[in-house]
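S.K.: I am attaching a structure below and will ask some questions about it afterwards.
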Amino acid sequence: MSAGQHIEYSGASSARGPLLVIEGVEGVGWDEVGEIHLDSGEVRHGIVLDVHRDWAVVEVFEGTAGLRLDEVRISFSGGPLRIPVGESWLGRVCNGRGEPLDGGPPIFGRERREVSGRPINPAFRETPRDAILTGVCAIDGLATLVRGQKLPIFSVGGLPHLELAAQVAAQSRVAEDEPFAVVFAAVGITHADASDVRDILEQRATIGDIVLFVNTVEDPLVERIATPRIALTVAEYLAFDRGRHVLVVIADVTSYCEAVREVAAARGEVPSRRGYPGYLYSDLASLYERAGRVRGRPGSLTQLPVVTMPAGDITHPVPDLTGYITEGQLVLSQELDAQGIYPPFDALGSLSRLMRLGAGPGRTRDDHLEIAAQLYALVARARQVADLADVVGADALGPSEHRLLEFAEAFRRDFLSQGKVEAHSLDDTLQRAWRVASQLPRRELSMVSTATLDAYYRRREEDGDAPSGPAG
Amino acid sequence: MGVTAGTVVRVNGPVVDVAGMDSVAMLELVEVGEARLPGEIIALERGTATVQVYEYTGGLRPGEPVEASGGPLMAELGPGLVGGVFDGMLRRLAGAPEFLEVGARPATLDRSLRWRFVPVVVEGEDLEAGAVLGSVPETPTVEHRALVPPRIAGRLEWIAPEGEYTVEEPIARVAGRELTLLQRWPVRRPRPVRARLHAGAPLVTGQRVLDLLYPLARGSTAAVPGGFGTGKTVLLQQIAKWCDADVIVYVGCGERGNELADVLQELSELEDARTGRRLLDRTVLVANTSNMPVLAREASIYTGVTVAEYFRDQGHETVVIADSTSRWAEALREVASRTGQLPAEEGYPPGLASALAAFYERAGRVRTLAGAEASVSVLGAVSPPGGDMVEPVAAHTRRFVRAVWSLDRDLAYARHHPAVSWRDSFCRDADALAGWHSLHGDWNWGERRVRALSLLAEADRIEAIAQLIGAGSLPDVERIVLLSGRLLREAVLQQSALSANDAHCEPSKQAALLDMVLALHDCFRRLLDQGVPATRIEETDLAEATRVRDEAGPGDVEAVEAVRGRLLATLGGLL
Ligand SMILES: Nc1ncnc2c1ncn2[C@@H]1O[C@H](COP(=O)(O)OP(=O)(O)O)[C@@H](O)[C@H]1O
Ligand SMILES: [Mg+2]
């Protein structure tokens, strides 16, 4: 379209952090991508952050390390960053720019799309509904993941959030006859973690319904900003053009945000909270809001981002802004982890806001929402009793309070706990839920209707292994 | 209208510098580039204009043309707004593609629709500005009244006969000016009224904790601050669904798309208890989600309040709900930082406080130009970073609103919904409304409220002690305060948005529930006086008191009174 796209400009006039200033350009647009050739034959990629008359500020994805101003030769593509889309991504392992790491051929597609995507028209959004079953009791039972939802894992360094995210990615499924896919974007993770993730996902990779993007800690910072967008662009195509139910895992969003912060600092922008730029909310929303369903199209895009909270602080801008955009959160607890509980799921801090759209009558099982609400209420009461016991001593507690403490223990050991390669069916999960709830006298289960209690409640004395209800 | 042309010289995200713009005005609307992206002039310096563009500017280059429109950002007003979904610039989203394209510009009102217009004036009359020309049944619930626009007045030279007209066909001629059903108004300027009036009747929200403890008068303002997940959106959506206004303008300002889909679906399925019609038939949705252009988000609260004022001027009681004003403030901040303005608190521009004040000031109960009494009430969510209530948006908002419904994280964690705190909330209309209620037959309203608030405060105080020494060591009089406090919270204040019977509650049932709990409390005290120990009262099964809010229909006072009678009888048996 413009003359600019074929012209090659030589020499940059200055460099600072990942930024280069190119002078004498003509017809170069904002957010346009460029290819940078160096004397060694190396090719880097950049994006235009600011154009003012004939100079352009270019952010270099691979960074500016080792680059001399006079050797820079740059040509612009005539538009924002695009990637090919298609089903050929399935089964592939790529770096954070979408280049194969698996020895396979480069990925082609009939169509190329801008990685920034287009906002879903709110008037055409369809409310999320139906579950993605992860096989993880805590999630399926208490915080059901709904197709079209974005539900982050909030965690702290040292906890098994990456294992959990990978386990969910490996085990998740929808109904037999519905097409499914997983897009896993590893952002700023270590090599060791990356290879663990690849191991966990290996089986799914052989079936070929997963795409894996890996941007490791030593990959260029700026690439980290593109990786989630590339992953989401691939996922959107699979969901909305191909009718698949797509689960996108992004781990770790905190690394992504740190890259955003570092680049903003290099641009000399006025920081807002803790050095993060004031537009971090909108920036994160431009990723998270790509989850959803669109009226008249069969697929869905669901996101499970991982957010590590620096120093465990939930008011840190990354978890805080994430919580404002996502539809709930799954919180992992150091306390449970220390007790050897996996997954260390903090029931009181966790919430799937869309659960009622994915669970319950006509969706999962009639008793699902009731037993989940009951477990939440009991865990909350047990927590109060435990706090009180810390003050007045366990001896001062009454029998009903002791029963609650025993319940809490059973809840951790017999409901939350499971193996890292263990997948539970939904019936299994709910049966475990009833088993721990049934440790308490029937009258304590005030959140459950009489009819549901009649069907599923089992008193302790008849605690065989056979369920008394139709739970099967 | 003179059209000035200029040339792009710099593009920095949504902020674009344009050269050659000599005779343009501040806040003038312009079209930028070959894609004709809409933008607004936010700074002028000799021949260079700084423009904030309402869309993604990827690919925009220096050298591209810019055209000025001759006027500021305008809202298009007329029949077709109610029941529709619009973006922050009031472009009709039903007319846009599934994935929003840059530069696409569907208009607000559908030009092809014909509306039945019934005139109410006769040729030759002298009409004042704002006078009603005729009516259009816009939806089964909202009667749209075509008005003489503000600032136009004079002799009615011609009026169209009853018939069907598009929004662009002439319907009247006043003082030489041809009028249509479609009018425009600059969104950043309040529409004129004849007079501002004092608060009168309450806006009944249907949410007990609000109507009983922190009520709002029609034409008043309220802010709902709360960290994420505390229930701001659910509370505001409940009000949008059930409050007793005529027209609701719901502005989803930088929030979730899925929530808007949900509210849209519910509004089209739910029935208005008063009219038996779809709730969507009284609602205008402005949907500028967090991933839509940030500057259209900035405009969205102004377009929303302009639409509400327009319906107010027709004599309707209107409510504007903005979720969330913090996202709007962040949009202000984003522009300020890109234009190099010196930031004040936390990067926000120095004008933040006055912008917030001006927004809430557009609320009010008024006498319209046409002489009717009508109102705009404004409710805004505040989303403080990290739940920090002293951050600039939360702190300034408190200064300008009549009520704060503060949502408490601990209550929300304990699944006490709506999590409206009785420690941090306030309402400045309560005294006036107590007067209104006693004039309208509820003499006890004010006293009931005061008793409830003091019982809550007393129970909190005792609870704090109980946490240190255990409830068992408290004197009996204090133990029954704990019990009554819990009943008040569980039987009255909690109200599930998901409940079939209790999602909204009529004032009569609200009062009956609170009266029941207060009567039980009085009864506990009498029993103690007569020597019944607190433990026996605590052991009495009072679960029915808590269950009745869900089991009785929204206006079923008798069911509540029956439970009250039964429980008082049971307690009487303890003597
Ligand atoms: N009145 C209510 N009844 C039932 N559940 C509620 C109510 N208010 C809030 N909730 C619960 O809290 C969750 C978060 O509420 P939401 O309004 O989305 O919070 P916020 O807008 O403050 O982030 C909801 O998804 C719902 O589960
Ligand atoms: Mg909200």
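Identifiers in the structure tokens: chain A, B, ... in order shown; residue index from 1 per chain; ligand index from 1 in order shown.
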For chain A versus ligand 1, which residues have an atom no more than 12 Å away, and what is each residue's nearest atom pair and distance in Å rounded to one decimal, using only C-alpha atoms and all ligand atoms, chain-then-number order, as CSV?
M.R.:
```
residue,atom,partner,partner_atom_place_in_ligand_line,distance
A:Ala143,CA,ligand 1,27 (O),10.7
A:Asp320,CA,ligand 1,23 (O),10.8
A:Leu321,CA,ligand 1,23 (O),10.7
A:Thr322,CA,ligand 1,23 (O),10.8
A:Gly323,CA,ligand 1,23 (O),7.7
A:Tyr324,CA,ligand 1,23 (O),6.0
A:Ile325,CA,ligand 1,23 (O),8.2
A:Thr326,CA,ligand 1,23 (O),9.0
A:Glu327,CA,ligand 1,25 (O),7.4
A:Gly328,CA,ligand 1,25 (O),7.4
A:Gln329,CA,ligand 1,14 (C),10.7
A:Gly349,CA,ligand 1,12 (O),11.9
A:Ser350,CA,ligand 1,13 (C),10.8
A:Leu351,CA,ligand 1,27 (O),7.5
A:Ser352,CA,ligand 1,25 (O),7.3
A:Arg353,CA,ligand 1,25 (O),3.8
A:Leu354,CA,ligand 1,25 (O),6.4
A:Met355,CA,ligand 1,27 (O),8.2
A:Arg356,CA,ligand 1,27 (O),8.5
A:Leu357,CA,ligand 1,25 (O),10.6
A:Leu369,CA,ligand 1,27 (O),11.8
A:Ala373,CA,ligand 1,27 (O),10.7
```
S.K.: Using only C-alpha atoms, find the residues of chain A whose closest atom to chain B is at most 6 Å away, then write them as number ranges by chain.
M.R.: A: 27-32, 50-53, 79, 118-127, 272, 285-286, 315, 320, 324
S.K.: So that I can check the secondary structure, give me every residue of segment 84-154 of chain A assigned strand (DSSP E or B) by backbone DSSP, as a CSV table (one decimal) with C-alpha atoms, in the first residue's frame.
M.R.:
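Dumped everything to part23.csv:
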```csv
chain,number,residue,atom,x,y,z
A,84,PRO,CA,-0.8,-17.4,9.8
A,85,VAL,CA,-3.8,-19.2,11.3
A,93,VAL,CA,5.9,-26.9,19.7
A,94,CYS,CA,7.1,-23.4,19.0
A,95,ASN,CA,9.1,-20.6,20.5
A,100,PRO,CA,9.0,-24.3,15.4
A,111,GLU,CA,-4.9,-16.6,6.2
A,112,ARG,CA,-2.7,-14.3,8.2
A,113,ARG,CA,-4.3,-12.4,11.1
A,114,GLU,CA,-3.2,-9.5,13.3
A,120,ILE,CA,-15.7,-9.3,20.4
A,125,ARG,CA,-21.4,-12.3,22.9
A,126,GLU,CA,-23.1,-15.4,24.2
A,131,ALA,CA,-18.3,-27.0,31.9
A,132,ILE,CA,-14.8,-28.0,30.9
A,133,LEU,CA,-14.1,-30.9,33.2
A,145,LEU,CA,-14.4,-23.9,34.8
A,146,VAL,CA,-17.0,-22.7,32.3
A,150,LYS,CA,-11.3,-16.7,32.2
A,153,ILE,CA,-4.7,-19.5,39.2
A,154,PHE,CA,-3.3,-17.1,41.9
```
S.K.: With a distance cut-off of 7 Å and only C-alpha atoms, select the neighbouring residues of Gln149 of chain A, excluding the residue or stretch itself and same-chain residues fewer than 2 positions from it, and output the selection as a PyMOL selection string.
M.R.: chain A and resi 128+145-147+151+291-292+302-303+327
S.K.: Name the residues in contact with Ala434 of chain B at a cut-off of 7 Å, using only C-alpha atoms, excluding same-chain residues fewer than 3 positions from it; report them as JSON, numbers by chain.
M.R.: {"B": [430, 431, 437, 438, 445, 446]}
S.K.: Skip segment 121-138 of chain B itself and residues of its chain fewer than 6 positions away, then list as a PDB file with N, CA, C and O atoms, in the first residue's frame all residues within 6 Å of it, counting only C-alpha atoms.
M.R.:
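So out.pdb came out as:
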```
ATOM      1  N   PRO B  79     -36.115   8.064  19.014  1.00  0.00           N
ATOM      2  CA  PRO B  79     -36.638   6.723  19.275  1.00  0.00           C
ATOM      3  C   PRO B  79     -35.704   5.656  18.687  1.00  0.00           C
ATOM      4  O   PRO B  79     -35.130   5.865  17.619  1.00  0.00           O
ATOM      5  N   HIS B 144     -42.063   7.597  24.187  1.00  0.00           N
ATOM      6  CA  HIS B 144     -41.058   8.568  23.793  1.00  0.00           C
ATOM      7  C   HIS B 144     -41.784   9.857  23.444  1.00  0.00           C
ATOM      8  O   HIS B 144     -42.779   9.833  22.732  1.00  0.00           O
ATOM      9  N   ARG B 145     -41.305  10.979  23.972  1.00  0.00           N
ATOM     10  CA  ARG B 145     -41.960  12.249  23.647  1.00  0.00           C
ATOM     11  C   ARG B 145     -41.002  13.092  22.826  1.00  0.00           C
ATOM     12  O   ARG B 145     -39.888  13.403  23.281  1.00  0.00           O
ATOM     13  N   ALA B 146     -41.435  13.426  21.621  1.00  0.00           N
ATOM     14  CA  ALA B 146     -40.589  14.248  20.755  1.00  0.00           C
ATOM     15  C   ALA B 146     -40.640  15.683  21.278  1.00  0.00           C
ATOM     16  O   ALA B 146     -41.717  16.217  21.542  1.00  0.00           O
ATOM     17  N   LEU B 147     -39.466  16.285  21.472  1.00  0.00           N
ATOM     18  CA  LEU B 147     -39.383  17.600  22.103  1.00  0.00           C
ATOM     19  C   LEU B 147     -38.893  18.654  21.119  1.00  0.00           C
ATOM     20  O   LEU B 147     -38.144  18.347  20.194  1.00  0.00           O
ATOM     21  N   VAL B 148     -39.295  19.891  21.371  1.00  0.00           N
ATOM     22  CA  VAL B 148     -38.617  21.010  20.716  1.00  0.00           C
ATOM     23  C   VAL B 148     -37.236  21.070  21.366  1.00  0.00           C
ATOM     24  O   VAL B 148     -37.138  21.095  22.594  1.00  0.00           O
ATOM     25  N   PRO B 149     -36.147  21.046  20.595  1.00  0.00           N
ATOM     26  CA  PRO B 149     -34.818  21.013  21.219  1.00  0.00           C
ATOM     27  C   PRO B 149     -34.581  22.253  22.079  1.00  0.00           C
ATOM     28  O   PRO B 149     -35.168  23.302  21.831  1.00  0.00           O
ATOM     29  N   PRO B 150     -33.726  22.126  23.106  1.00  0.00           N
ATOM     30  CA  PRO B 150     -33.357  23.285  23.901  1.00  0.00           C
ATOM     31  C   PRO B 150     -32.865  24.407  22.975  1.00  0.00           C
ATOM     32  O   PRO B 150     -32.253  24.124  21.941  1.00  0.00           O
ATOM     33  N   ARG B 151     -33.126  25.631  23.336  1.00  0.00           N
ATOM     34  CA  ARG B 151     -32.660  26.819  22.601  1.00  0.00           C
ATOM     35  C   ARG B 151     -33.442  27.107  21.312  1.00  0.00           C
ATOM     36  O   ARG B 151     -33.118  28.046  20.597  1.00  0.00           O
ATOM     37  N   ILE B 152     -34.433  26.269  20.995  1.00  0.00           N
ATOM     38  CA  ILE B 152     -35.302  26.619  19.868  1.00  0.00           C
ATOM     39  C   ILE B 152     -36.682  26.891  20.464  1.00  0.00           C
ATOM     40  O   ILE B 152     -37.143  26.140  21.322  1.00  0.00           O
ATOM     41  N   ALA B 153     -37.323  27.993  20.050  1.00  0.00           N
ATOM     42  CA  ALA B 153     -38.650  28.313  20.565  1.00  0.00           C
ATOM     43  C   ALA B 153     -39.347  29.187  19.533  1.00  0.00           C
ATOM     44  O   ALA B 153     -38.699  29.747  18.658  1.00  0.00           O
ATOM     45  N   GLY B 154     -40.653  29.263  19.633  1.00  0.00           N
ATOM     46  CA  GLY B 154     -41.377  30.149  18.730  1.00  0.00           C
ATOM     47  C   GLY B 154     -42.642  29.505  18.216  1.00  0.00           C
ATOM     48  O   GLY B 154     -43.125  28.496  18.759  1.00  0.00           O
ATOM     49  N   ARG B 155     -43.146  30.089  17.126  1.00  0.00           N
ATOM     50  CA  ARG B 155     -44.429  29.644  16.618  1.00  0.00           C
ATOM     51  C   ARG B 155     -44.310  28.299  15.917  1.00  0.00           C
ATOM     52  O   ARG B 155     -43.359  28.039  15.175  1.00  0.00           O
ATOM     53  N   LEU B 156     -45.274  27.408  16.197  1.00  0.00           N
ATOM     54  CA  LEU B 156     -45.332  26.129  15.494  1.00  0.00           C
ATOM     55  C   LEU B 156     -45.977  26.377  14.132  1.00  0.00           C
ATOM     56  O   LEU B 156     -47.187  26.597  14.042  1.00  0.00           O
ATOM     57  N   GLU B 157     -45.139  26.376  13.097  1.00  0.00           N
ATOM     58  CA  GLU B 157     -45.654  26.724  11.772  1.00  0.00           C
ATOM     59  C   GLU B 157     -46.295  25.519  11.094  1.00  0.00           C
ATOM     60  O   GLU B 157     -47.209  25.656  10.283  1.00  0.00           O
ATOM     61  N   TRP B 158     -45.780  24.343  11.431  1.00  0.00           N
ATOM     62  CA  TRP B 158     -46.331  23.143  10.800  1.00  0.00           C
ATOM     63  C   TRP B 158     -46.083  21.954  11.702  1.00  0.00           C
ATOM     64  O   TRP B 158     -45.047  21.869  12.355  1.00  0.00           O
ATOM     65  N   LEU B 369     -37.885  21.657  31.089  1.00  0.00           N
ATOM     66  CA  LEU B 369     -38.295  22.820  30.296  1.00  0.00           C
ATOM     67  C   LEU B 369     -39.779  22.719  29.954  1.00  0.00           C
ATOM     68  O   LEU B 369     -40.480  23.725  29.872  1.00  0.00           O
ATOM     69  N   ALA B 370     -40.261  21.471  29.782  1.00  0.00           N
ATOM     70  CA  ALA B 370     -41.676  21.295  29.454  1.00  0.00           C
ATOM     71  C   ALA B 370     -42.572  21.390  30.686  1.00  0.00           C
ATOM     72  O   ALA B 370     -43.790  21.298  30.576  1.00  0.00           O
TER      73      ALA B 370
END
```
S.K.: Which residues, written as a VMD selection string, have at least one atom at most 12 Å from Ala358 of chain B, with only C-alpha atoms counted and residues fewer than 3 positions away on the same chain left out?
M.R.: chain B and resid 188 to 190 301 to 302 305 351 to 355 361 to 363 378 396 to 397 400 to 401
S.K.: Suppose we keep C-alpha atoms; can you now write the selection as a PDB file, in the first residue's frame?
M.R.:
```pdb
ATOM      1  CA  ARG B 188     -20.075  16.850  27.631  1.00  0.00           C
ATOM      2  CA  ARG B 189     -22.626  19.610  28.233  1.00  0.00           C
ATOM      3  CA  PRO B 190     -25.561  19.122  30.664  1.00  0.00           C
ATOM      4  CA  ILE B 301     -20.223   7.914  30.823  1.00  0.00           C
ATOM      5  CA  TYR B 302     -20.995  11.231  29.156  1.00  0.00           C
ATOM      6  CA  VAL B 305     -25.789  10.505  31.160  1.00  0.00           C
ATOM      7  CA  GLY B 351      -8.654  17.707  36.786  1.00  0.00           C
ATOM      8  CA  LEU B 352      -9.821  14.331  38.136  1.00  0.00           C
ATOM      9  CA  ALA B 353     -11.752  15.686  41.106  1.00  0.00           C
ATOM     10  CA  SER B 354     -13.573  18.327  39.105  1.00  0.00           C
ATOM     11  CA  ALA B 355     -14.390  15.833  36.341  1.00  0.00           C
ATOM     12  CA  GLU B 361     -23.629  16.928  39.266  1.00  0.00           C
ATOM     13  CA  ARG B 362     -25.606  15.894  36.206  1.00  0.00           C
ATOM     14  CA  ALA B 363     -27.901  13.951  38.508  1.00  0.00           C
ATOM     15  CA  VAL B 378     -26.547   8.425  39.065  1.00  0.00           C
ATOM     16  CA  HIS B 396     -12.804  12.137  45.676  1.00  0.00           C
ATOM     17  CA  THR B 397     -16.009  10.305  44.809  1.00  0.00           C
ATOM     18  CA  PHE B 400     -19.456  14.373  45.713  1.00  0.00           C
ATOM     19  CA  VAL B 401     -22.108  11.705  46.212  1.00  0.00           C
TER      20      VAL B 401
END
```
S.K.: What lies within 8 Å of Pro179 of chain A using only C-alpha atoms, ignoring chain neighbours under 3 positions off, as a ChimeraX atom specification?
M.R.: /A:174,243-245
S.K.: Would you export the selected residues with all heavy atoms as a PDB file, in the first residue's frame, please?
M.R.:
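The resulting file, part.pdb, is shown below:
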```
ATOM      1  N   VAL A 174     -14.125 -32.110  27.150  1.00  0.00           N
ATOM      2  CA  VAL A 174     -15.538 -31.770  27.030  1.00  0.00           C
ATOM      3  C   VAL A 174     -16.215 -33.068  26.591  1.00  0.00           C
ATOM      4  O   VAL A 174     -15.601 -34.124  26.650  1.00  0.00           O
ATOM      5  CB  VAL A 174     -15.749 -30.610  26.021  1.00  0.00           C
ATOM      6  CG1 VAL A 174     -15.135 -29.329  26.561  1.00  0.00           C
ATOM      7  CG2 VAL A 174     -15.174 -30.932  24.667  1.00  0.00           C
ATOM      8  N   GLY A 243     -14.836 -24.037  15.348  1.00  0.00           N
ATOM      9  CA  GLY A 243     -15.844 -24.613  16.242  1.00  0.00           C
ATOM     10  C   GLY A 243     -15.308 -25.494  17.344  1.00  0.00           C
ATOM     11  O   GLY A 243     -16.028 -26.335  17.872  1.00  0.00           O
ATOM     12  N   ARG A 244     -14.034 -25.323  17.690  1.00  0.00           N
ATOM     13  CA  ARG A 244     -13.519 -26.128  18.806  1.00  0.00           C
ATOM     14  C   ARG A 244     -13.732 -25.421  20.130  1.00  0.00           C
ATOM     15  O   ARG A 244     -13.806 -24.202  20.187  1.00  0.00           O
ATOM     16  CB  ARG A 244     -12.008 -26.341  18.650  1.00  0.00           C
ATOM     17  CG  ARG A 244     -11.657 -27.332  17.570  1.00  0.00           C
ATOM     18  CD  ARG A 244     -10.142 -27.420  17.437  1.00  0.00           C
ATOM     19  NE  ARG A 244      -9.784 -28.274  16.337  1.00  0.00           N
ATOM     20  CZ  ARG A 244      -9.410 -29.558  16.488  1.00  0.00           C
ATOM     21  NH1 ARG A 244      -9.318 -30.093  17.681  1.00  0.00           N
ATOM     22  NH2 ARG A 244      -9.117 -30.284  15.424  1.00  0.00           N
ATOM     23  N   HIS A 245     -13.793 -26.193  21.210  1.00  0.00           N
ATOM     24  CA  HIS A 245     -13.734 -25.618  22.543  1.00  0.00           C
ATOM     25  C   HIS A 245     -12.260 -25.573  22.902  1.00  0.00           C
ATOM     26  O   HIS A 245     -11.604 -26.602  22.961  1.00  0.00           O
ATOM     27  CB  HIS A 245     -14.539 -26.459  23.521  1.00  0.00           C
ATOM     28  CG  HIS A 245     -15.998 -26.458  23.160  1.00  0.00           C
ATOM     29  ND1 HIS A 245     -16.787 -25.335  23.324  1.00  0.00           N
ATOM     30  CD2 HIS A 245     -16.775 -27.387  22.574  1.00  0.00           C
ATOM     31  CE1 HIS A 245     -18.013 -25.598  22.876  1.00  0.00           C
ATOM     32  NE2 HIS A 245     -18.024 -26.831  22.413  1.00  0.00           N
TER      33      HIS A 245
END
```
S.K.: Using only C-alpha atoms, which residue out of A:Cys257, A:His161, A:Asn215, A:Gly278 lies closest to Pro349 of chain B?
M.R.: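 Selected residue with least distance to Pro349 of chain B: A:Gly278.
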S.K.: Any chance you could list, as a PyMOL selection string, the residues in segment 176-218 of chain A that come up alpha helix (DSSP H) when DSSP is run on the backbone?
M.R.: chain A and resi 191-200+202-207
S.K.: Pick from B:Lys509, B:Arg173, B:His416, B:Arg428: nearest to Ala497 of chain B, with only C-alpha atoms counted?
M.R.: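 Checking each of B:Lys509, B:Arg173, B:His416, B:Arg428 against Ala497 of chain B, counting only C-alpha atoms, the winner is B:His416.
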S.K.: Let me make sure I understand: among A:Ser300, A:Gln339, A:Ser40, A:Thr429, which one has the smallest atom-to-atom distance to Glu409 of chain A if we use only C-alpha atoms?
M.R.: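 Nearest candidate to Glu409 of chain A out of A:Ser300, A:Gln339, A:Ser40, A:Thr429: A:Gln339.
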S.K.: State, in Å with one decimal place, the distance from atom CA of Val60 of chain A to atom CA of Ser282 of chain A.
M.R.: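 Distance reported for this atom pair: 22.4 Å.
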S.K.: When you draw a straight line from atom CA of Thr364 of chain A to atom CA of Tyr342 of chain A, how long is it in Å?
M.R.: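 Pair atom CA of Thr364 of chain A / atom CA of Tyr342 of chain A returns 24.2 Å.
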